[in-house]
>>> print(open('structure_29.cif').read())   # mmCIF, C-alpha atoms
data_model
loop_
_atom_site.label_atom_id
_atom_site.label_comp_id
_atom_site.auth_asym_id
_atom_site.auth_seq_id
_atom_site.Cartn_x
_atom_site.Cartn_y
_atom_site.Cartn_z
CA MET A 1 25.13 26.15 -24.81
CA LYS A 2 26.52 25.65 -21.29
CA ILE A 3 23.57 23.43 -20.41
CA LYS A 4 24.06 21.33 -23.54
CA ASN A 5 27.81 20.85 -22.96
CA ARG A 6 27.26 19.95 -19.32
CA PHE A 7 24.49 17.54 -20.30
CA LEU A 8 26.68 15.75 -22.87
CA LYS A 9 29.49 15.29 -20.33
CA VAL A 10 27.09 13.92 -17.73
CA PHE A 11 25.44 11.63 -20.26
CA LEU A 12 28.75 10.24 -21.54
CA PHE A 13 30.01 9.55 -18.02
CA LEU A 14 26.69 7.94 -17.14
CA LEU A 15 26.85 5.53 -20.07
CA ILE A 16 30.43 4.58 -19.23
CA THR A 17 29.34 3.84 -15.66
CA LEU A 18 26.40 1.74 -16.89
CA LEU A 19 28.65 -0.21 -19.24
CA MET A 20 30.98 -1.02 -16.40
CA THR A 21 28.26 -2.11 -13.98
CA SER A 22 25.38 -3.54 -16.02
CA SER A 23 26.63 -7.12 -16.30
CA GLY A 24 28.48 -7.61 -13.01
CA TYR A 25 25.82 -9.76 -11.32
CA ALA A 26 24.90 -13.36 -12.06
CA LEU A 27 21.21 -13.10 -11.30
CA THR A 28 18.58 -11.19 -13.21
CA LEU A 29 15.00 -10.68 -12.06
CA LEU A 30 12.47 -10.74 -14.91
CA ILE A 31 9.05 -9.32 -14.07
CA ASP A 32 6.59 -10.13 -16.84
CA LYS A 33 3.45 -8.02 -16.57
CA GLY A 34 1.78 -10.14 -19.26
CA GLU A 35 2.20 -13.32 -17.21
CA ARG A 36 2.08 -11.62 -13.78
CA THR A 37 5.24 -13.47 -12.76
CA LEU A 38 8.66 -12.73 -11.33
CA LYS A 39 11.35 -15.09 -12.63
CA VAL A 40 14.83 -15.47 -11.17
CA LEU A 41 17.21 -16.01 -14.10
CA GLU A 42 20.76 -17.31 -13.90
CA ASN A 43 22.86 -18.27 -16.90
CA GLN A 44 19.75 -18.10 -19.10
CA LYS A 45 17.94 -20.63 -16.93
CA ILE A 46 14.88 -20.02 -14.77
CA GLN A 47 15.76 -20.77 -11.15
CA LYS A 48 12.49 -19.70 -9.54
CA VAL A 49 9.07 -18.33 -10.52
CA TYR A 50 6.76 -16.34 -8.25
CA PRO A 51 3.27 -14.96 -8.99
CA VAL A 52 2.97 -11.19 -8.54
CA GLY A 53 0.47 -8.43 -8.12
CA LEU A 54 0.90 -5.20 -10.08
CA GLY A 55 -0.28 -1.64 -10.43
CA LEU A 56 -3.34 -0.55 -12.36
CA GLU A 57 -4.24 -2.93 -15.20
CA SER A 58 -3.10 -1.29 -18.43
CA LEU A 59 -0.97 -1.88 -21.52
CA LEU A 60 0.86 1.37 -20.73
CA PRO A 61 4.01 1.59 -18.60
CA LYS A 62 4.36 4.12 -15.80
CA GLU A 63 5.04 7.68 -16.98
CA LYS A 64 3.88 10.06 -14.24
CA ARG A 65 3.62 10.32 -10.50
CA GLY A 66 0.26 9.04 -9.27
CA ASP A 67 -0.76 7.08 -12.37
CA PHE A 68 -0.59 3.81 -10.33
CA LEU A 69 1.04 1.99 -13.27
CA THR A 70 3.97 -0.42 -13.03
CA PRO A 71 6.99 0.75 -15.04
CA GLU A 72 8.70 -1.20 -17.81
CA GLY A 73 12.40 -1.15 -18.55
CA LEU A 74 15.86 -2.20 -17.43
CA TYR A 75 16.56 -1.35 -13.79
CA LYS A 76 18.68 -2.44 -10.87
CA ILE A 77 18.12 -2.97 -7.15
CA THR A 78 19.23 0.11 -5.21
CA ASP A 79 18.03 -0.68 -1.70
CA ILE A 80 16.64 -3.55 0.39
CA ARG A 81 15.02 -2.46 3.63
CA PRO A 82 12.36 -3.50 6.18
CA SER A 83 8.85 -2.17 5.66
CA LYS A 84 6.15 -1.85 8.31
CA SER A 85 3.40 -2.30 5.75
CA PHE A 86 4.89 -4.97 3.47
CA GLY A 87 7.60 -6.82 5.39
CA TYR A 88 10.45 -5.72 3.14
CA PHE A 89 10.84 -3.27 0.27
CA ILE A 90 13.24 -3.97 -2.61
CA GLU A 91 13.63 -0.61 -4.34
CA ILE A 92 14.61 -0.24 -8.00
CA ASN A 93 16.03 2.83 -9.72
CA TYR A 94 12.92 4.07 -11.49
CA PRO A 95 12.96 6.46 -13.28
CA ASN A 96 15.99 5.44 -15.33
CA LEU A 97 17.62 7.03 -18.36
CA ASN A 98 15.01 5.59 -20.71
CA ASP A 99 12.14 6.92 -18.59
CA LEU A 100 13.72 10.37 -18.44
CA GLY A 101 14.36 10.35 -22.19
CA TRP A 102 10.74 9.56 -23.05
CA ALA A 103 9.53 12.15 -20.56
CA TYR A 104 11.70 14.81 -22.21
CA TYR A 105 10.51 13.73 -25.68
CA LYS A 106 6.86 14.00 -24.62
CA GLY A 107 7.37 17.38 -23.01
CA PHE A 108 6.77 16.21 -19.43
CA ILE A 109 10.13 17.62 -18.28
CA SER A 110 12.35 20.43 -19.57
CA LYS A 111 15.95 20.26 -20.76
CA GLU A 112 17.06 21.96 -17.54
CA GLN A 113 15.21 19.39 -15.43
CA LEU A 114 16.70 16.56 -17.47
CA VAL A 115 20.23 17.78 -16.78
CA VAL A 116 19.60 17.98 -13.04
CA TYR A 117 17.97 14.53 -12.92
CA LEU A 118 20.84 12.91 -14.81
CA GLU A 119 23.43 14.49 -12.53
CA THR A 120 21.52 13.19 -9.52
CA PHE A 121 21.15 9.75 -11.10
CA LEU A 122 24.89 9.62 -11.71
CA ALA A 123 25.77 10.70 -8.18
CA ASN A 124 23.24 8.56 -6.29
CA GLY A 125 22.32 5.75 -8.66
CA LYS A 126 18.71 6.94 -8.65
CA VAL A 127 16.62 10.09 -8.87
CA GLU A 128 13.62 11.04 -6.75
CA HIS A 129 11.02 13.82 -6.51
CA THR A 130 10.38 14.04 -10.25
CA PRO A 131 7.08 14.37 -12.15
CA LEU A 132 7.62 10.73 -13.16
CA GLY A 133 7.32 9.43 -9.60
CA SER A 134 9.77 7.23 -7.70
CA LYS A 135 9.96 4.73 -4.82
CA ILE A 136 8.98 1.79 -7.03
CA GLY A 137 9.97 -1.67 -5.90
CA ILE A 138 9.10 -5.23 -4.93
CA HIS A 139 7.33 -5.88 -1.64
CA GLY A 140 5.05 -8.30 0.21
CA GLY A 141 1.39 -8.02 1.06
CA GLY A 142 0.04 -10.67 -1.30
CA VAL A 143 -0.47 -10.94 -5.03
CA TYR A 144 -4.11 -9.86 -4.78
CA LYS A 145 -6.63 -8.08 -2.61
CA LYS A 146 -10.26 -9.07 -2.37
CA GLU A 147 -12.67 -6.45 -3.68
CA LYS A 148 -16.39 -7.27 -3.48
CA GLY A 149 -15.61 -10.97 -3.30
CA LYS A 150 -13.29 -10.88 -6.35
CA LYS A 151 -9.52 -11.14 -6.51
CA ASP A 152 -7.85 -7.92 -7.62
CA TYR A 153 -4.34 -8.61 -8.97
CA PHE A 154 -3.79 -4.95 -9.88
CA TRP A 155 -3.96 -3.38 -6.45
CA THR A 156 -0.58 -1.71 -5.92
CA GLN A 157 0.33 1.91 -6.65
CA GLY A 158 2.84 0.78 -9.28
CA CYS A 159 4.98 -1.64 -7.30
CA ILE A 160 5.33 -5.41 -7.66
CA ALA A 161 3.74 -7.40 -4.85
CA LEU A 162 4.62 -10.92 -3.70
CA GLU A 163 3.19 -13.32 -1.20
CA ASP A 164 5.08 -12.81 2.05
CA ARG A 165 6.58 -16.30 1.97
CA ASP A 166 7.81 -15.73 -1.60
CA LEU A 167 9.30 -12.39 -0.60
CA ARG A 168 11.26 -14.06 2.19
CA ASP A 169 12.54 -16.66 -0.27
CA LEU A 170 13.50 -14.00 -2.82
CA LEU A 171 15.46 -12.08 -0.19
CA THR A 172 17.80 -15.06 0.20
CA ARG A 173 18.67 -14.91 -3.52
CA ILE A 174 19.27 -11.22 -4.22
CA SER A 175 21.51 -8.29 -3.36
CA GLU A 176 21.77 -4.63 -4.23
CA GLY A 177 22.94 -3.93 -7.75
CA GLN A 178 21.27 -6.87 -9.42
CA LYS A 179 19.48 -6.32 -12.72
CA VAL A 180 15.68 -6.13 -12.82
CA VAL A 181 13.91 -6.29 -16.19
CA ILE A 182 10.23 -5.36 -16.30
CA LEU A 183 8.28 -5.96 -19.51
CA ASN A 184 5.07 -7.31 -20.97
CA SER A 185 5.85 -10.34 -23.14
CA ARG A 186 2.43 -10.11 -24.79
CA LYS A 187 3.35 -6.82 -26.45
CA PRO A 188 4.85 -6.56 -29.97
CA LEU A 189 8.63 -6.51 -30.26
CA TYR A 190 8.75 -2.76 -30.90
CA GLU A 191 6.75 -1.97 -27.75
CA ILE A 192 9.06 -4.13 -25.62
CA LEU A 193 12.21 -2.61 -27.10
CA LYS A 194 11.11 1.02 -26.73
CA LYS A 195 11.36 0.71 -22.94
CA LEU A 196 14.71 -1.11 -23.04
CA ILE A 197 16.62 1.11 -25.49
CA TYR A 198 18.96 3.91 -24.49
CA PRO A 199 18.03 7.23 -26.15
CA VAL A 200 20.69 8.71 -28.45
CA ARG A 201 18.82 11.54 -30.22
CA ILE A 202 15.79 13.43 -28.91
CA LYS A 203 13.87 16.44 -30.14
CA PRO A 204 10.91 17.13 -27.84
CA LEU A 205 7.49 16.68 -29.46
CA ASP A 206 9.24 15.64 -32.68
CA PHE A 207 11.23 12.38 -32.54
CA LEU A 208 13.20 10.02 -30.30
CA GLU A 209 15.89 7.61 -31.44
CA GLY A 210 17.43 4.89 -29.32
CA GLU A 211 19.63 1.83 -29.52
CA LEU A 212 20.21 -1.45 -27.73
CA TYR A 213 22.84 -4.17 -28.12
CA LEU A 214 22.26 -7.86 -27.41
CA LYS A 215 25.06 -10.40 -27.05
CA LEU A 216 24.04 -13.90 -28.16
CA ASN A 217 27.50 -15.42 -27.68
CA ASP A 218 31.15 -14.38 -27.98
CA TYR A 219 30.83 -14.10 -31.76
CA VAL A 220 27.24 -13.03 -32.49
CA PHE A 221 25.56 -9.75 -31.56
CA LEU A 222 22.27 -8.10 -32.46
CA THR A 223 21.84 -4.33 -32.56
CA PHE A 224 18.46 -2.62 -32.41
CA ALA A 225 17.92 0.94 -33.65
CA LEU A 226 14.52 2.47 -32.96
CA ARG A 227 12.96 5.73 -34.10
CA GLU A 228 9.57 7.10 -33.10
CA THR A 229 8.03 10.33 -34.35
CA TYR A 230 5.38 12.46 -32.76
CA GLN A 231 3.26 12.03 -35.89
CA GLY A 232 2.94 8.33 -35.04
CA ALA A 233 5.54 6.67 -37.28
CA ARG A 234 7.64 3.91 -35.74
CA TYR A 235 10.75 2.41 -37.28
CA LEU A 236 12.93 -0.46 -36.13
CA GLU A 237 16.17 -1.69 -37.67
CA ILE A 238 17.82 -4.92 -36.52
CA LYS A 239 21.34 -5.92 -37.52
CA LYS A 240 23.09 -9.23 -36.92
CA TRP A 241 26.85 -9.14 -36.50
CA VAL A 242 29.06 -12.24 -36.63
CA GLN A 243 32.69 -11.76 -35.59
CA GLY A 244 32.37 -8.06 -36.32
CA GLU A 245 30.87 -8.46 -39.81
CA LEU A 246 27.34 -7.43 -40.73
CA LYS A 247 25.53 -10.61 -41.83
CA GLU A 248 21.87 -9.61 -41.80
CA GLN A 249 19.79 -6.44 -41.73
CA ILE A 250 16.05 -6.25 -41.06
CA ARG A 251 13.96 -3.08 -41.40
CA SER A 252 10.42 -2.62 -40.15
CA ASP A 253 7.47 -0.97 -41.82
CA GLU A 254 6.29 2.43 -40.62
CA PHE A 255 4.40 0.78 -37.78
CA GLY A 256 7.48 -0.92 -36.29
CA LYS A 257 6.55 -4.40 -37.50
CA VAL A 258 9.29 -6.70 -38.81
CA ASN A 259 9.42 -10.06 -40.55
CA ARG A 260 10.02 -13.05 -38.25
CA GLU A 261 8.84 -10.94 -35.34
CA ALA A 262 7.88 -13.91 -33.13
CA GLN A 263 11.31 -15.49 -33.62
CA LEU A 264 13.17 -12.25 -32.91
CA LYS A 265 11.06 -11.54 -29.84
CA ASN A 266 11.84 -15.00 -28.46
CA ILE A 267 15.55 -14.42 -29.04
CA LEU A 268 15.35 -11.17 -27.08
CA LEU A 269 13.38 -12.71 -24.21
CA GLU A 270 15.72 -15.70 -23.98
CA ASN A 271 18.84 -13.50 -23.77
CA LEU A 272 17.77 -10.67 -21.46
CA GLU A 273 20.75 -11.31 -19.20
CA ASN A 274 23.03 -10.33 -22.08
CA LEU A 275 21.65 -6.88 -22.88
CA LEU A 276 24.41 -4.33 -23.40
CA ASN A 277 24.20 -0.55 -23.30
CA PRO A 278 25.23 1.37 -26.43
CA TYR A 279 28.13 3.79 -26.11
CA LYS A 280 26.65 6.96 -27.58
CA ASN A 281 26.46 10.69 -27.01
CA LEU A 282 22.93 12.06 -26.81
CA GLU A 283 21.99 14.67 -29.39
CA PHE A 284 19.06 17.02 -28.82
#
>>> encode(input="structure_29.cif", output="structure tokens")
Amino acid sequence: MKIKNRFLKVFLFLLITLLMTSSGYALTLLIDKGERTLKVLENQKIQKVYPVGLGLESLLPKEKRGDFLTPEGLYKITDIRPSKSFGYFIEINYPNLNDLGWAYYKGFISKEQLVVYLETFLANGKVEHTPLGSKIGIHGGGVYKKEKGKKDYFWTQGCIALEDRDLRDLLTRISEGQKVVILNSRKPLYEILKKLIYPVRIKPLDFLEGELYLKLNDYVFLTFALRETYQGARYLEIKKWVQGELKEQIRSDEFGKVNREAQLKNILLENLENLLNPYKNLEF
């Protein structure tokens, strides 16, 4: 009981902190694994596009230390420092709350570990030395390496690699604290959302529920509620709110598919700068 009460207090404070800090920067970096690009977004306009190299080629996001996969989710820049190997290293705060939530749901970490990681995340803005790995970021070294005469664009250990000249240009545009969104635009809407949502209810090896809010303008908001069960069912509910009134409600089938999926996915991708964090207590 003490662990649960302490966890709820930490989680609540963490969400308040995220709400206060998530939208305080004009620029957003969008790394699209499906396109192998890094886009600099400002006021919903693309200011710059760079090609990138990634971790191991896979449709899966990073989950464990040493899997060589590039993570997916909503992060922020925590450190910018010189690197002997890659010129500079722009570190992001992987693993985040979403990563920790899915790890707990899948049984990779215990409740006690989760509490400790969240307390560390709250105190330092990031957590390291977990079974999920850490030290993920953006660096130089080139978008590919030549292997047996072929270009390998999936050569990193999970990081995002730029050409050195592009890295130098990017450094003039960014600062610590800026938002970094990593996703694969070729995935279905459900698969994109599951790594952006904030978990609100988790029962390990049973189910995970999460939510995400998207501001379209001062009057219109979308809310996403997602539920995944360990038996394989996936549910997604999307609500449209206009001036505080519910105007539309869309429910998926048991596979997470919704009507007008292409349209809704485009709306999400075009408004990534306006993602908001839900204010919820986690139940587990």
>>> closest_residue(input="structure_29.cif", among="A:Pro204, A:Gly55, A:Gly34, A:Gly87", to="Asp164 in chain A", atoms="all atoms listed in the file")
A:Gly87
>>> resolve_selection(input="structure_29.cif", expression="the PyMOL selection byres ((chain A and resi 185) around 8)", output="ChimeraX atom specification")
/A:32-35,183-184,186-188,192,269
>>> atom_distance(input="structure_29.cif", atom1="CA of Leu264 in chain A", atom2="CA of Glu191 in chain A")
13.2 Å
>>> closest_residue(input="structure_29.cif", among="A:Lys215, A:Pro71, A:Arg65, A:Glu163", to="Glu128 in chain A", atoms="only C-alpha atoms")
A:Arg65
>>> closest_residue(input="structure_29.cif", among="A:Leu236, A:Ile31, A:Val258, A:Leu208", to="Leu100 in chain A", atoms="all atoms listed in the file")
A:Leu208
